Amino acid sequence: MSHDHAGHDHRDDHDHDHHHDHGIGHTHGVTDLTRIGWAFAIIFVFMLIEAAGGILSGSLALLADAGHMVSDAAALGMSWLAIHVGRRPADAARSFGYKRLEVLAAFVNGCSLFVIAAWIGFEAAMRLRAPSPVMGGLMMGVALAGLVANFVAFLILNGGSKENLNMRSAWLHVLGDTLGFVVAIVAAGVIILTGWTPIDPILSVLVAVLILRSAWQVVRASSHILLEGTPANLSADVIAADLKTHVPGVGDIHHVHIWSLTSEQPHVTLHARCIDHNADVIGGINARLKEKFGIAHSTIQVDVEDCPDEDCGDAGVPIRLHAHLH
């Protein structure tokens with residue numbers, strides 16, 4: 001039995017790649033952090049204005065959207081904190097670092113949207129049973145100002161990362177608010193022109209449905225990552241077949257597990273059966289994974305004969321070559 005730990009060359013490649021990728025991620029994280037900070041300031045200030053306007057005008061649409069903005073402010077605050085803490089380096093207790101806090105924050109944000117939507121639905125039902133007067137003019141003024149403020153926050157967040165799940169959840173929160181203001185403007189127009197106040201709770205239900213749709217998207221995506229699900233754009237069978245075809249010295253690929261640390265950082269572990277001991281199997285696999293599939297972190301076990309692990313028979317003695325690229 002022999003052991004090879006990939007030697008000096010792999011260690012040098014690891015250090016170089018880690019330094020390069022970390023620099024890119026750090027710069028991008030700072031940009032997203034700044035964008036979320038500005039969006040939080042805008043949302044928080046106007047949340048107070050809208051809540052006051054909703055109470056004074058008697059508009060459920062404004063109050064519903066103010067409640068949604070409370071959730072937005074909390075979501076943006078959690079997103080900011082998650083990105084800030086996620087920049088901490090890995091330590092002995094958390095060898096992968098703190099990046100997954102971003103996914104956890106996105107999951108909590110999505111769950112909070114379900115609560116907001118349920119509250120809006122309940123209040124709408126109460127208003128339809130017992131309609132209350134609404135000051136259409138004041139409602140219209142607040143809704144128009146809120147639309148402008150939210151549109152600015154939306155543009156700020158829209159310039160951030162499109163792949164980062166945490167940024168996407170914050171973006172969806174603000175988009176939901178923007179649509180909520182559009183609905184409030186329509187409701188205020190109907191009330192001003194016709195005096196028919198039930199339009200306010202009816203259109204509030206539409207806001208709740210839009211919020212539920214956003215909530216489901218975020219919760220489904222974040223829970224999939226938290227459960228170590230395979231990224232939607234990757235397939236274990238496709239990767240195994242590709243490596244077997246394109247990497248010299250590889251006779252078989254099995255025990256392929258693909259998961260994500262965050263929505264932007266896929267990882268893979270796999271076993272490879274080596275049929276040419278002179279080939280750089282690990283180097284070839286790592287290069288192919290990065291070039292073809294965008295996977296920059298892999299853990300590879302190379303077997304010289306049949307894999308002795310549970311589902312692959314019990315013959316042969318493997319040598320384990322582990323390589324990590326970040």
# chains A, B, ... in the order shown; residues from 1 in each chain; ligands from 1
$ residues_around --residues "Leu104 of chain A" --least-positions-apart "4" --cutoff "8 Å" --atoms "only C-alpha atoms" --output "NGL selection string"
:A and (100 or 108 or 222 or 226)
$ residues_around --residues "Thr269 of chain A" --least-positions-apart "2" --cutoff "10 Å" --atoms "only C-alpha atoms" --output "list of chain:residue names"
A:His254, A:His255, A:Val256, A:His257, A:Ile258, A:Trp259, A:His267, A:His271, A:His297, A:Ser298, A:Thr299, A:Ile300, A:Gln301, A:His322, A:Ala323, A:His324
$ residues_around --residues "Ile239 of chain A" --least-positions-apart "6" --cutoff "10 Å" --atoms "only C-alpha atoms" --output "MDAnalysis selection string"
chainID A and resid 245 253:254 256 258 268 288:289 292:293
$ write_last_selection --atoms "N, CA and C atoms" --output "PDB file, in the first residue's frame"
ATOM      1  N   THR A 245     -14.295  10.471 -19.767  1.00  0.00           N
ATOM      2  CA  THR A 245     -14.002  10.632 -21.192  1.00  0.00           C
ATOM      3  C   THR A 245     -12.792  11.529 -21.447  1.00  0.00           C
ATOM      4  N   ILE A 253     -15.420   6.821 -12.559  1.00  0.00           N
ATOM      5  CA  ILE A 253     -15.737   7.860 -11.574  1.00  0.00           C
ATOM      6  C   ILE A 253     -16.996   7.431 -10.838  1.00  0.00           C
ATOM      7  N   HIS A 254     -16.951   7.450  -9.507  1.00  0.00           N
ATOM      8  CA  HIS A 254     -18.118   7.037  -8.721  1.00  0.00           C
ATOM      9  C   HIS A 254     -18.125   7.792  -7.397  1.00  0.00           C
ATOM     10  N   VAL A 256     -19.918  10.260  -6.482  1.00  0.00           N
ATOM     11  CA  VAL A 256     -19.881  11.704  -6.756  1.00  0.00           C
ATOM     12  C   VAL A 256     -20.939  12.405  -5.899  1.00  0.00           C
ATOM     13  N   ILE A 258     -22.226  16.341  -4.985  1.00  0.00           N
ATOM     14  CA  ILE A 258     -22.112  17.756  -5.322  1.00  0.00           C
ATOM     15  C   ILE A 258     -23.016  18.553  -4.390  1.00  0.00           C
ATOM     16  N   VAL A 268     -17.423  19.552  -4.781  1.00  0.00           N
ATOM     17  CA  VAL A 268     -17.651  18.172  -5.193  1.00  0.00           C
ATOM     18  C   VAL A 268     -16.659  17.254  -4.480  1.00  0.00           C
ATOM     19  N   ARG A 288     -10.270  19.895 -15.192  1.00  0.00           N
ATOM     20  CA  ARG A 288     -11.506  19.697 -15.956  1.00  0.00           C
ATOM     21  C   ARG A 288     -12.721  20.215 -15.190  1.00  0.00           C
ATOM     22  N   LEU A 289     -12.771  19.955 -13.872  1.00  0.00           N
ATOM     23  CA  LEU A 289     -13.894  20.438 -13.068  1.00  0.00           C
ATOM     24  C   LEU A 289     -13.994  21.956 -13.100  1.00  0.00           C
ATOM     25  N   LYS A 292     -14.671  23.097 -17.150  1.00  0.00           N
ATOM     26  CA  LYS A 292     -15.937  22.688 -17.761  1.00  0.00           C
ATOM     27  C   LYS A 292     -17.143  23.029 -16.893  1.00  0.00           C
ATOM     28  N   PHE A 293     -17.012  22.848 -15.564  1.00  0.00           N
ATOM     29  CA  PHE A 293     -18.186  22.967 -14.690  1.00  0.00           C
ATOM     30  C   PHE A 293     -18.112  24.129 -13.697  1.00  0.00           C
TER      31      PHE A 293
END
$ residues_around --residues "Ala287 of chain A" --least-positions-apart "5" --cutoff "10 Å" --atoms "only C-alpha atoms" --output "list in words"
Val247, Val281, Ile282, Lys292, Phe293, Gly294, Ile295, Ala296 and Leu325 of chain A
$ select_by_dssp --residues "segment 75-196 of chain A" --states "helix (DSSP H, G or I)" --output "ChimeraX atom specification"
/A:75-86,101-129,136-158,165-194
$ atom_distance --atom1 "atom CA of Gly283 of chain A" --atom2 "atom CA of Asp237 of chain A"
20.5 Å
